[in-house]
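Visitor: Below is a structure I'd like to ask you about.
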Amino acid sequence: MRKLYKKADVVIIGGGVFGCAIAYYYTRNNPGKKIIILDRNELCNSATSHAAALVTKIRAKRHFIPLSLETYKVVSEMEKILGESMDMKFSGVLHLAASEAREAELKELMEIAKEFNQPANYISDEEAHKLSPWLKTDEASLIGYMPDEAYCDPYLLGTFFSRCAKMQGAEFLQGVEATELIIENNDTLGVKTTVGDIIANTTIIASGAWAPIFARQAGIGLPMAPTRSQYWITEKNPIFPANSPIVLLPDAQAYARPEGGSLLFGIREKNSMSVAADIIPSDINQFSFSEDKGMQDLSEVIDRLARFFPKVYDIGMKYYVAGFSGYTPDNNLSMGVPPGINNLLLATGCVGAGISVSGGVGLAFAELAAGHSNPFDFSEFDLKRFGDIDPFSPEWLERCARARSTKVSG
């Protein structure tokens, strides 16, 4: 017999940005209810802290947009609670199109911006180059500018969620590892941990790259795969103004944003890497993402990036950052209420958009955990949309890796 450690209304496995966001909304909307958040390491120390943190609202996938709009809303709300600024960088975003296909997509994106009442306009090559002096614009056939888009410090966003949640009564247990779901007759009763059992009315899996392991314990083949995301930060240079916009380059399958006088940029490499969740160490910093710091991957696509960023050949690279995102074959989130198992929710499969959608995800799962309906449409994120899959199989991992490699839009 294991000892009972604690009881709660809700227990969350994972103290990343999703887990902390859920805790914030749940405590805000359900005062007096008890929620416990578990993290075997430190809060927001895994995928969250490794994110490039583009908080872009307007996307080709419309069902992401309400989630991101909620993130913008909640940031100002938490700033008032804490009496501090999160220092969101409202730099705007430039979208460059240099082919007929990308031009058509940009035109559609600009219409989507109007649909959601977000400012967007076309600008000239000269205006774009003035905003981002590093950017070579002469090949662009169309350039869109959305001035209200932003990026942030992802760790700070996660800690804003956790600090506000703690003020509202959430209990965070760091250094406590969830080892197994407690399930009886298709009912999820809580979680076994390294310090004893936590019994809860609702259990939420928000453990990022390790989520398929817990889902498997409930007989669920979770449709996502931990897939490497990587980016570089250059040496400082006057051509990278600190207040310049985010730049999205779909023809190069690349993005960039300022980083304190340097340029942070990421690419979609020809051969992305997905790995089975059960081989990832408990401390993600101990995982070898790339012995050469991604330079082979970069060298394979550098020519298409150099069309827009010619200095990439000779500018110094100061930092390399890699982490895992939960990717899917259709580049949609994988989350919601799993069929056939009670009192269990899965907040997983961020497809590289976790920071941007964290507010909407937090609110959605807080409402579901409280027994209310989801305020957002999650039909595109349905956990059974691929049928029965084995998330640990080489075939599935390859499908998810290929989806990231071929991804064009944000």
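Residue numbers start at 1 in each chain; chains themselves are named A, B, ... in the order of the structure tokens; ligands are numbered from 1 in the order shown.
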Would you mind listing, for every residue of range 36-100 of chain A within 8 Å of range 352-372 of chain A, the two atoms forming the shortest contact and the distance between them in Å to one decimal, using only C-alpha atoms, sorted by chain and ascending residue number, as JSON lines?

Guide:
{"residue": "A:Thr48", "atom": "CA", "partner": "A:Ile355", "partner_atom": "CA", "distance": 7.4}
{"residue": "A:Ala51", "atom": "CA", "partner": "A:Ile355", "partner_atom": "CA", "distance": 7.5}
{"residue": "A:Ala53", "atom": "CA", "partner": "A:Ile355", "partner_atom": "CA", "distance": 5.7}
{"residue": "A:Leu54", "atom": "CA", "partner": "A:Ser356", "partner_atom": "CA", "distance": 6.6}
{"residue": "A:Val55", "atom": "CA", "partner": "A:Ser356", "partner_atom": "CA", "distance": 4.2}
{"residue": "A:Thr56", "atom": "CA", "partner": "A:Ser356", "partner_atom": "CA", "distance": 6.2}
{"residue": "A:Lys57", "atom": "CA", "partner": "A:Ser356", "partner_atom": "CA", "distance": 7.3}
{"residue": "A:Phe64", "atom": "CA", "partner": "A:Val357", "partner_atom": "CA", "distance": 6.8}
{"residue": "A:Ile65", "atom": "CA", "partner": "A:Val357", "partner_atom": "CA", "distance": 7.9}
{"residue": "A:Pro66", "atom": "CA", "partner": "A:Gly360", "partner_atom": "CA", "distance": 6.9}
{"residue": "A:Leu67", "atom": "CA", "partner": "A:Gly360", "partner_atom": "CA", "distance": 3.8}
{"residue": "A:Ser68", "atom": "CA", "partner": "A:Val357", "partner_atom": "CA", "distance": 4.4}
{"residue": "A:Leu69", "atom": "CA", "partner": "A:Gly360", "partner_atom": "CA", "distance": 7.6}
{"residue": "A:Glu70", "atom": "CA", "partner": "A:Gly359", "partner_atom": "CA", "distance": 5.2}
{"residue": "A:Thr71", "atom": "CA", "partner": "A:Gly359", "partner_atom": "CA", "distance": 4.0}
{"residue": "A:Tyr72", "atom": "CA", "partner": "A:Gly359", "partner_atom": "CA", "distance": 7.7}
{"residue": "A:Val74", "atom": "CA", "partner": "A:Gly359", "partner_atom": "CA", "distance": 6.5}

Visitor: Could you please write out, as a PyMOL selection string, every residue of range 44-152 of chain A that DSSP assigns to strand (DSSP E or B)?

Guide: chain A and resi 54-55+89+93-97+121-122+142-146+150-151

Visitor: Enumerate, as an NGL selection string, the complete set of residues in range 163-391 of chain A that a backbone-based DSSP assignment places in helix (DSSP H, G or I).

Guide: :A and (163-167 or 208-217 or 250-252 or 277-279 or 284-286 or 295-306 or 310-313 or 354-369 or 379-381)

Visitor: Would you pick out the contacts of Tyr255 in chain A at 6 Å or less, using only C-alpha atoms, so that residues sharing its chain but fewer than 4 positions from it are not included, and give the list as a VMD selection string?

Guide: chain A and resid 247 to 249 265 to 266

Visitor: Which polymer residues have any atom within 8 Å of an atom of range 149-161 of chain A, counting only C-alpha atoms, with same-chain residues fewer than 4 positions away left out, as a tab-separated table (two decimals) with C-alpha atoms, in the first residue's frame?

Guide:
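Listed below is the output, selection_13.tsv:
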chain	number	residue	atom	x	y	z
A	16	GLY	CA	5.66	24.18	-18.13
A	17	VAL	CA	3.77	27.08	-19.65
A	20	CYS	CA	1.11	26.99	-15.18
A	21	ALA	CA	-1.47	28.66	-17.43
A	23	ALA	CA	-3.34	26.64	-12.85
A	24	TYR	CA	-3.75	30.39	-13.25
A	43	LEU	CA	8.99	25.13	-13.40
A	44	CYS	CA	9.24	26.16	-17.07
A	45	ASN	CA	12.75	24.74	-17.33
A	48	THR	CA	9.14	26.56	-22.28
A	49	SER	CA	12.52	28.11	-21.56
A	50	HIS	CA	13.94	26.85	-24.88
A	51	ALA	CA	11.20	28.42	-27.03
A	52	ALA	CA	11.79	31.20	-29.56
A	53	ALA	CA	8.54	32.68	-28.19
A	54	LEU	CA	6.93	34.30	-31.20
A	55	VAL	CA	3.52	35.30	-29.88
A	56	THR	CA	2.01	35.63	-33.34
A	57	LYS	CA	-1.76	35.96	-33.47
A	75	VAL	CA	-0.62	39.14	-20.12
A	78	MET	CA	-1.31	39.38	-14.90
A	86	MET	CA	6.34	41.38	-18.62
A	87	ASP	CA	8.07	43.54	-21.25
A	88	MET	CA	6.31	42.01	-24.24
A	89	LYS	CA	8.04	43.25	-27.37
A	90	PHE	CA	5.32	44.62	-29.66
A	91	SER	CA	7.64	44.75	-32.64
A	92	GLY	CA	5.15	43.70	-35.31
A	93	VAL	CA	5.80	41.06	-37.93
A	165	ALA	CA	-1.67	31.08	-9.68
A	246	ILE	CA	9.74	39.63	-36.38
A	355	ILE	CA	3.90	30.10	-26.09

Visitor: Closest to Ile315 in chain A among A:Ile341, A:Ile233, A:Ala277, A:Met335, using only C-alpha atoms?

Guide: A:Ile233

Visitor: Under the rule that only C-alpha atoms are counted, which of A:Gly208, A:Lys6, A:Ile35, A:Ala254 is the nearest residue to Gly349 in chain A?

Guide: A:Gly208

Visitor: So how many Å separate CA of Val408 in chain A and CA of Ala242 in chain A, to one decimal?

Guide: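 Atom-to-atom, CA of Val408 in chain A to CA of Ala242 in chain A, that is 25.8 Å.
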
Visitor: When you draw a straight line from CA of Thr203 in chain A to CA of Val10 in chain A, how long is it in Å?

Guide: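 According to the coordinates, CA of Thr203 in chain A and CA of Val10 in chain A are separated by 5.8 Å.
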
Visitor: Provide the CA of Asp125 in chain A to CA of Ala113 in chain A distance in Å, to one decimal place.

Guide: 20.9 Å

Visitor: Considering only C-alpha atoms, return as a PyMOL selection string whatever protein or nucleic-acid residues lie within 7 Å of range 378-391 of chain A, sequence-local ones (same chain, fewer than 6 positions apart) excluded.

Guide: chain A and resi 212+221-225+332-336+338+397

Visitor: Would you export the selected residues with N, CA, C and O atoms as a PDB file, in the first residue's frame, please?

Guide:
ATOM      1  N   PRO A 212       3.338  11.284 -24.059  1.00  0.00           N
ATOM      2  CA  PRO A 212       2.923   9.975 -24.577  1.00  0.00           C
ATOM      3  C   PRO A 212       3.126   8.823 -23.589  1.00  0.00           C
ATOM      4  O   PRO A 212       2.412   7.821 -23.663  1.00  0.00           O
ATOM      5  N   GLY A 221      -3.018   6.103 -27.410  1.00  0.00           N
ATOM      6  CA  GLY A 221      -1.921   6.385 -28.321  1.00  0.00           C
ATOM      7  C   GLY A 221      -1.962   7.864 -28.660  1.00  0.00           C
ATOM      8  O   GLY A 221      -2.700   8.283 -29.559  1.00  0.00           O
ATOM      9  N   LEU A 222      -1.209   8.659 -27.948  1.00  0.00           N
ATOM     10  CA  LEU A 222      -1.285  10.114 -28.087  1.00  0.00           C
ATOM     11  C   LEU A 222      -0.680  10.547 -29.422  1.00  0.00           C
ATOM     12  O   LEU A 222       0.504  10.304 -29.688  1.00  0.00           O
ATOM     13  N   PRO A 223      -1.459  11.208 -30.283  1.00  0.00           N
ATOM     14  CA  PRO A 223      -0.968  11.548 -31.618  1.00  0.00           C
ATOM     15  C   PRO A 223      -0.069  12.781 -31.641  1.00  0.00           C
ATOM     16  O   PRO A 223      -0.466  13.874 -32.028  1.00  0.00           O
ATOM     17  N   MET A 224       1.160  12.599 -31.212  1.00  0.00           N
ATOM     18  CA  MET A 224       2.194  13.630 -31.290  1.00  0.00           C
ATOM     19  C   MET A 224       3.534  12.945 -31.133  1.00  0.00           C
ATOM     20  O   MET A 224       3.609  11.793 -30.701  1.00  0.00           O
ATOM     21  N   ALA A 225       4.597  13.648 -31.487  1.00  0.00           N
ATOM     22  CA  ALA A 225       5.941  13.122 -31.285  1.00  0.00           C
ATOM     23  C   ALA A 225       6.859  14.261 -30.865  1.00  0.00           C
ATOM     24  O   ALA A 225       6.781  15.361 -31.424  1.00  0.00           O
ATOM     25  N   ASN A 332      -1.317  20.442 -36.322  1.00  0.00           N
ATOM     26  CA  ASN A 332      -2.328  20.930 -35.400  1.00  0.00           C
ATOM     27  C   ASN A 332      -2.005  20.442 -33.996  1.00  0.00           C
ATOM     28  O   ASN A 332      -1.346  19.405 -33.826  1.00  0.00           O
ATOM     29  N   LEU A 333      -2.484  21.163 -33.000  1.00  0.00           N
ATOM     30  CA  LEU A 333      -2.340  20.710 -31.621  1.00  0.00           C
ATOM     31  C   LEU A 333      -3.020  19.360 -31.457  1.00  0.00           C
ATOM     32  O   LEU A 333      -3.937  19.013 -32.210  1.00  0.00           O
ATOM     33  N   SER A 334      -2.570  18.594 -30.463  1.00  0.00           N
ATOM     34  CA  SER A 334      -3.253  17.350 -30.088  1.00  0.00           C
ATOM     35  C   SER A 334      -3.613  17.466 -28.617  1.00  0.00           C
ATOM     36  O   SER A 334      -2.748  17.320 -27.746  1.00  0.00           O
ATOM     37  N   MET A 335      -4.881  17.714 -28.341  1.00  0.00           N
ATOM     38  CA  MET A 335      -5.271  17.948 -26.946  1.00  0.00           C
ATOM     39  C   MET A 335      -6.779  17.852 -26.798  1.00  0.00           C
ATOM     40  O   MET A 335      -7.523  17.949 -27.772  1.00  0.00           O
ATOM     41  N   GLY A 336      -7.179  17.631 -25.569  1.00  0.00           N
ATOM     42  CA  GLY A 336      -8.605  17.590 -25.295  1.00  0.00           C
ATOM     43  C   GLY A 336      -8.973  16.481 -24.338  1.00  0.00           C
ATOM     44  O   GLY A 336      -8.177  16.062 -23.487  1.00  0.00           O
ATOM     45  N   PRO A 338      -9.840  12.659 -23.804  1.00  0.00           N
ATOM     46  CA  PRO A 338      -9.664  11.366 -24.471  1.00  0.00           C
ATOM     47  C   PRO A 338     -10.901  10.491 -24.315  1.00  0.00           C
ATOM     48  O   PRO A 338     -11.522  10.467 -23.239  1.00  0.00           O
ATOM     49  N   LEU A 397       6.981   8.423 -35.799  1.00  0.00           N
ATOM     50  CA  LEU A 397       8.001   9.441 -35.558  1.00  0.00           C
ATOM     51  C   LEU A 397       8.435  10.090 -36.863  1.00  0.00           C
ATOM     52  O   LEU A 397       8.619  11.317 -36.934  1.00  0.00           O
TER      53      LEU A 397
END

Visitor: Restricting the calculation to only C-alpha atoms, which member of A:Asn30, A:Asn243, A:Ser162, A:Ser141 is positioned closest to Leu82 in chain A?

Guide: A:Ser162

Visitor: Can you list, as a VMD selection string, every protein, DNA or RNA residue that comes within 9 Å of Lys34 in chain A when you count only C-alpha atoms, leaving out same-chain residues fewer than 2 positions away?

Guide: chain A and resid 7 to 11 27 30 to 32 36 169 to 171

Visitor: Once you have the residues from the selection above, write them out as a compact mmCIF listing (two decimals), in the first residue's frame, restricted to all heavy atoms.

Guide:
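Ended up saving to result-v1.txt:
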# COMPACT_ATOMS: atom_id res chain seq x y z
N LYS A 7 -4.68 15.34 -1.35
CA LYS A 7 -5.91 15.30 -2.14
C LYS A 7 -6.12 16.67 -2.77
O LYS A 7 -5.73 17.69 -2.21
CB LYS A 7 -7.12 14.95 -1.26
CG LYS A 7 -7.17 13.49 -0.81
CD LYS A 7 -8.47 13.21 -0.08
CE LYS A 7 -8.58 11.73 0.30
NZ LYS A 7 -9.86 11.44 0.99
N ALA A 8 -6.75 16.66 -3.96
CA ALA A 8 -6.99 17.91 -4.65
C ALA A 8 -8.18 17.77 -5.58
O ALA A 8 -8.62 16.65 -5.89
CB ALA A 8 -5.75 18.32 -5.45
N ASP A 9 -8.69 18.88 -6.01
CA ASP A 9 -9.72 18.86 -7.05
C ASP A 9 -9.09 18.53 -8.40
O ASP A 9 -9.67 17.80 -9.21
CB ASP A 9 -10.45 20.20 -7.11
CG ASP A 9 -11.23 20.48 -5.83
OD1 ASP A 9 -12.27 19.83 -5.63
OD2 ASP A 9 -10.79 21.34 -5.05
N VAL A 10 -7.90 19.09 -8.64
CA VAL A 10 -7.20 18.90 -9.91
C VAL A 10 -5.72 18.70 -9.63
O VAL A 10 -5.14 19.38 -8.77
CB VAL A 10 -7.37 20.12 -10.84
CG1 VAL A 10 -6.59 19.93 -12.14
CG2 VAL A 10 -8.84 20.38 -11.13
N VAL A 11 -5.10 17.76 -10.34
CA VAL A 11 -3.64 17.62 -10.30
C VAL A 11 -3.14 17.70 -11.74
O VAL A 11 -3.73 17.11 -12.65
CB VAL A 11 -3.20 16.30 -9.62
CG1 VAL A 11 -3.71 15.07 -10.36
CG2 VAL A 11 -1.68 16.24 -9.51
N THR A 27 -7.51 28.67 -10.76
CA THR A 27 -7.59 29.34 -9.45
C THR A 27 -8.33 30.66 -9.56
O THR A 27 -9.04 31.07 -8.63
CB THR A 27 -6.20 29.57 -8.87
OG1 THR A 27 -5.36 30.22 -9.85
CG2 THR A 27 -5.55 28.26 -8.45
N ASN A 30 -12.14 29.53 -10.04
CA ASN A 30 -12.69 28.58 -9.07
C ASN A 30 -12.07 28.80 -7.69
O ASN A 30 -11.38 27.91 -7.16
CB ASN A 30 -12.45 27.14 -9.53
CG ASN A 30 -13.06 26.85 -10.88
OD1 ASN A 30 -14.25 26.57 -11.00
ND2 ASN A 30 -12.23 26.93 -11.92
N PRO A 31 -12.28 29.96 -7.10
CA PRO A 31 -11.68 30.22 -5.78
C PRO A 31 -12.16 29.21 -4.76
O PRO A 31 -13.32 28.81 -4.74
CB PRO A 31 -12.19 31.64 -5.45
CG PRO A 31 -13.38 31.85 -6.32
CD PRO A 31 -13.13 31.07 -7.57
N GLY A 32 -11.22 28.77 -3.94
CA GLY A 32 -11.54 27.77 -2.92
C GLY A 32 -11.28 26.35 -3.35
O GLY A 32 -11.21 25.45 -2.50
N ILE A 36 -3.05 21.16 -7.69
CA ILE A 36 -1.64 20.86 -7.45
C ILE A 36 -0.94 20.67 -8.79
O ILE A 36 -1.45 19.98 -9.67
CB ILE A 36 -1.48 19.59 -6.58
CG1 ILE A 36 -2.08 19.80 -5.19
CG2 ILE A 36 -0.01 19.18 -6.48
CD1 ILE A 36 -2.12 18.54 -4.34
N GLY A 169 -3.88 30.59 -4.79
CA GLY A 169 -4.08 29.37 -4.03
C GLY A 169 -3.54 28.09 -4.63
O GLY A 169 -3.68 27.02 -4.01
N ALA A 170 -2.93 28.15 -5.81
CA ALA A 170 -2.37 26.93 -6.42
C ALA A 170 -1.17 26.46 -5.61
O ALA A 170 -0.42 27.25 -5.04
CB ALA A 170 -1.96 27.20 -7.86
N GLU A 171 -0.98 25.14 -5.59
CA GLU A 171 0.17 24.54 -4.91
C GLU A 171 1.10 23.93 -5.95
O GLU A 171 0.70 23.05 -6.71
CB GLU A 171 -0.28 23.48 -3.91
CG GLU A 171 0.87 22.88 -3.12
CD GLU A 171 0.42 21.90 -2.04
OE1 GLU A 171 -0.80 21.66 -1.94
OE2 GLU A 171 1.29 21.37 -1.32

Visitor: Name all residues at most 8 Å from Glu42 in chain A (count only C-alpha atoms; drop same-chain ones fewer than 2 positions away) and give them as a list in words.

Guide: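 Residues near the query, excluding close chain neighbours: Gly15, Asp39, Arg40, Cys44, Asn45, Gln174 and Gly175 of chain A.
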
Visitor: Would you put the residues from that selection into a file with N, CA and C atoms, as an mmCIF file, in the first residue's frame?

Guide:
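Full text of result.cif as output:
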data_model
loop_
_atom_site.group_PDB
_atom_site.id
_atom_site.type_symbol
_atom_site.label_atom_id
_atom_site.label_comp_id
_atom_site.auth_asym_id
_atom_site.auth_seq_id
_atom_site.Cartn_x
_atom_site.Cartn_y
_atom_site.Cartn_z
ATOM 1 N N GLY A 15 4.972 21.262 -15.118
ATOM 2 C CA GLY A 15 4.965 22.666 -14.730
ATOM 3 C C GLY A 15 5.559 23.572 -15.786
ATOM 4 N N ASP A 39 6.157 19.097 -10.908
ATOM 5 C CA ASP A 39 7.267 19.123 -11.859
ATOM 6 C C ASP A 39 8.467 18.472 -11.192
ATOM 7 N N ARG A 40 9.048 17.488 -11.867
ATOM 8 C CA ARG A 40 10.160 16.765 -11.260
ATOM 9 C C ARG A 40 11.439 17.596 -11.231
ATOM 10 N N CYS A 44 8.936 25.495 -15.786
ATOM 11 C CA CYS A 44 9.243 26.159 -17.069
ATOM 12 C C CYS A 44 10.709 26.015 -17.474
ATOM 13 N N ASN A 45 11.328 24.916 -17.089
ATOM 14 C CA ASN A 45 12.755 24.736 -17.335
ATOM 15 C C ASN A 45 13.049 23.824 -18.520
ATOM 16 N N GLN A 174 7.726 21.283 -6.810
ATOM 17 C CA GLN A 174 8.892 21.093 -7.653
ATOM 18 C C GLN A 174 9.786 20.016 -7.043
ATOM 19 N N GLY A 175 10.454 19.271 -7.902
ATOM 20 C CA GLY A 175 11.290 18.181 -7.426
ATOM 21 C C GLY A 175 10.490 16.955 -7.026
#

Visitor: Which of these, A:Lys236, A:Arg307, A:Arg228, A:Lys73, has the shortest distance to Ser290 in chain A once you count only C-alpha atoms?

Guide: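 Result for the nearest residue to Ser290 in chain A: A:Arg228.
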
Visitor: Rank nothing, just name the residue among A:Ala218, A:Ile22, A:Ile239, A:Met146 nearest to Gln118 in chain A, using only C-alpha atoms.

Guide: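 That would be A:Met146, the residue with the smallest distance to Gln118 in chain A.
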